[in-house]
Amino acid sequence: MYDQPKTIEERGEVAEVCVLNLKLEMPMYLDGMDDEAESKYVGWPERLYVIGTDRKIAYAGAMGPMGFDPDSWEEAIKKQLV
């Protein structure tokens, strides 16, 4: 269990542990201490996004829970990997 990070360095350390423990291999984005990405791409309720290699939204799922479609989200991710 971790305390709420107070600096960007602490936030990065927690994120690194998560990436390693979850064995995530895709590129990750570390949101700033102002949570700008969180406020712009808020996932309430249960919304899935894919940010394309051009840094634009390549996929925005519908609001959940009925719009929660992990299969189409996975397809959108695969399209970005080609």
# chains A, B, ... in the order shown; residues from 1 in each chain; ligands from 1
call {"tool": "select_by_dssp", "arguments": {"residues": "chain A", "states": "helix (DSSP H, G or I)", "output": "PyMOL selection string"}}
result
chain A and resi 8-22+36-40+70-81
call {"tool": "write_last_selection", "arguments": {"atoms": "N, CA and C atoms", "output": "compact mmCIF listing (two decimals), in the first residue's frame"}}
result
# COMPACT_ATOMS: atom_id res chain seq x y z
N ILE A 8 6.08 14.55 -8.23
CA ILE A 8 6.04 13.79 -9.49
C ILE A 8 7.00 12.61 -9.42
N GLU A 9 8.10 12.76 -8.67
CA GLU A 9 9.05 11.66 -8.53
C GLU A 9 8.41 10.50 -7.77
N GLU A 10 7.69 10.81 -6.69
CA GLU A 10 7.00 9.76 -5.94
C GLU A 10 5.93 9.10 -6.79
N ARG A 11 5.22 9.90 -7.56
CA ARG A 11 4.19 9.34 -8.44
C ARG A 11 4.82 8.39 -9.45
N GLY A 12 5.97 8.78 -10.00
CA GLY A 12 6.68 7.94 -10.95
C GLY A 12 7.14 6.63 -10.35
N GLU A 13 7.59 6.67 -9.09
CA GLU A 13 8.03 5.45 -8.41
C GLU A 13 6.87 4.47 -8.23
N VAL A 14 5.71 4.99 -7.83
CA VAL A 14 4.53 4.13 -7.66
C VAL A 14 4.11 3.55 -9.01
N ALA A 15 4.12 4.39 -10.03
CA ALA A 15 3.75 3.92 -11.37
C ALA A 15 4.70 2.84 -11.86
N GLU A 16 5.99 3.02 -11.61
CA GLU A 16 6.97 2.02 -12.04
C GLU A 16 6.72 0.67 -11.37
N VAL A 17 6.39 0.68 -10.09
CA VAL A 17 6.08 -0.56 -9.38
C VAL A 17 4.85 -1.23 -10.02
N CYS A 18 3.83 -0.44 -10.33
CA CYS A 18 2.63 -0.99 -10.96
C CYS A 18 2.95 -1.62 -12.31
N VAL A 19 3.71 -0.92 -13.13
CA VAL A 19 4.08 -1.43 -14.45
C VAL A 19 4.85 -2.74 -14.33
N LEU A 20 5.79 -2.78 -13.41
CA LEU A 20 6.60 -4.00 -13.24
C LEU A 20 5.76 -5.15 -12.68
N ASN A 21 4.96 -4.87 -11.67
CA ASN A 21 4.15 -5.94 -11.07
C ASN A 21 3.09 -6.48 -12.01
N LEU A 22 2.53 -5.61 -12.84
CA LEU A 22 1.50 -6.04 -13.79
C LEU A 22 2.09 -6.54 -15.11
N GLU A 36 -4.05 16.54 -15.12
CA GLU A 36 -4.64 17.09 -16.34
C GLU A 36 -5.23 16.00 -17.23
N ALA A 37 -4.50 14.90 -17.43
CA ALA A 37 -5.02 13.81 -18.28
C ALA A 37 -6.26 13.19 -17.64
N GLU A 38 -6.23 13.03 -16.34
CA GLU A 38 -7.39 12.46 -15.63
C GLU A 38 -8.63 13.32 -15.87
N SER A 39 -8.47 14.63 -15.79
CA SER A 39 -9.64 15.49 -15.96
C SER A 39 -10.11 15.53 -17.41
N LYS A 40 -9.18 15.38 -18.36
CA LYS A 40 -9.57 15.41 -19.78
C LYS A 40 -10.15 14.08 -20.25
N PRO A 70 -14.69 -4.29 -24.24
CA PRO A 70 -13.25 -4.55 -24.28
C PRO A 70 -12.78 -5.16 -25.60
N ASP A 71 -13.65 -5.84 -26.33
CA ASP A 71 -13.23 -6.42 -27.61
C ASP A 71 -12.92 -5.33 -28.63
N SER A 72 -13.80 -4.32 -28.73
CA SER A 72 -13.53 -3.23 -29.68
C SER A 72 -12.35 -2.39 -29.21
N TRP A 73 -12.17 -2.28 -27.91
CA TRP A 73 -11.01 -1.56 -27.36
C TRP A 73 -9.72 -2.28 -27.74
N GLU A 74 -9.72 -3.62 -27.61
CA GLU A 74 -8.56 -4.42 -27.98
C GLU A 74 -8.23 -4.26 -29.46
N GLU A 75 -9.26 -4.27 -30.31
CA GLU A 75 -9.05 -4.07 -31.75
C GLU A 75 -8.43 -2.70 -32.04
N ALA A 76 -8.88 -1.69 -31.34
CA ALA A 76 -8.33 -0.35 -31.53
C ALA A 76 -6.86 -0.30 -31.14
N ILE A 77 -6.51 -1.02 -30.07
CA ILE A 77 -5.10 -1.09 -29.65
C ILE A 77 -4.27 -1.80 -30.72
N LYS A 78 -4.78 -2.90 -31.23
CA LYS A 78 -4.04 -3.65 -32.27
C LYS A 78 -3.82 -2.81 -33.51
N LYS A 79 -4.79 -1.98 -33.89
CA LYS A 79 -4.62 -1.10 -35.05
C LYS A 79 -3.48 -0.12 -34.85
N GLN A 80 -3.28 0.30 -33.62
CA GLN A 80 -2.18 1.25 -33.34
C GLN A 80 -0.82 0.57 -33.36
N LEU A 81 -0.80 -0.74 -33.22
CA LEU A 81 0.47 -1.47 -33.15
C LEU A 81 1.02 -1.86 -34.52
call {"tool": "residues_around", "arguments": {"residues": "A:Pro65", "least_positions_apart": "4", "cutoff": "12 Å", "atoms": "only C-alpha atoms", "output": "list in words"}}
result
Gly43, Trp44, Pro45, Glu46, Arg47, Leu48, Gly61, Asp69 and Pro70 of chain A
call {"tool": "write_last_selection", "arguments": {"atoms": "N, CA and C atoms", "output": "compact mmCIF listing (two decimals), in the first residue's frame"}}
result
# COMPACT_ATOMS: atom_id res chain seq x y z
N GLY A 43 -12.59 8.54 -16.82
CA GLY A 43 -13.20 7.28 -17.21
C GLY A 43 -14.51 6.99 -16.52
N TRP A 44 -15.27 8.01 -16.18
CA TRP A 44 -16.52 7.81 -15.45
C TRP A 44 -17.68 7.72 -16.40
N PRO A 45 -18.56 6.80 -16.31
CA PRO A 45 -18.28 5.50 -15.68
C PRO A 45 -17.71 4.54 -16.72
N GLU A 46 -16.67 3.86 -16.36
CA GLU A 46 -16.07 2.77 -17.15
C GLU A 46 -15.92 3.10 -18.63
N ARG A 47 -15.17 4.10 -18.95
CA ARG A 47 -14.95 4.46 -20.34
C ARG A 47 -13.53 4.07 -20.74
N LEU A 48 -13.38 3.52 -21.94
CA LEU A 48 -12.08 3.08 -22.43
C LEU A 48 -11.62 4.01 -23.54
N GLY A 61 -14.51 4.64 -26.16
CA GLY A 61 -15.65 3.76 -25.94
C GLY A 61 -16.84 4.53 -25.40
N ASP A 69 -16.95 -2.13 -23.89
CA ASP A 69 -16.73 -3.13 -24.93
C ASP A 69 -15.23 -3.41 -25.07
N PRO A 70 -14.69 -4.29 -24.24
CA PRO A 70 -13.25 -4.55 -24.28
C PRO A 70 -12.78 -5.16 -25.60
call {"tool": "closest_residue", "arguments": {"among": "A:Gly52, A:Gly64, A:Ala58, A:Pro5", "to": "A:Asp31", "atoms": "only C-alpha atoms"}}
result
A:Pro5
call {"tool": "closest_residue", "arguments": {"among": "A:Ala60, A:Phe68, A:Asp54, A:Lys23", "to": "A:Tyr41", "atoms": "only C-alpha atoms"}}
result
A:Ala60
call {"tool": "closest_residue", "arguments": {"among": "A:Val82, A:Ala62, A:Ile51, A:Met1", "to": "A:Pro27", "atoms": "only C-alpha atoms"}}
result
A:Ile51
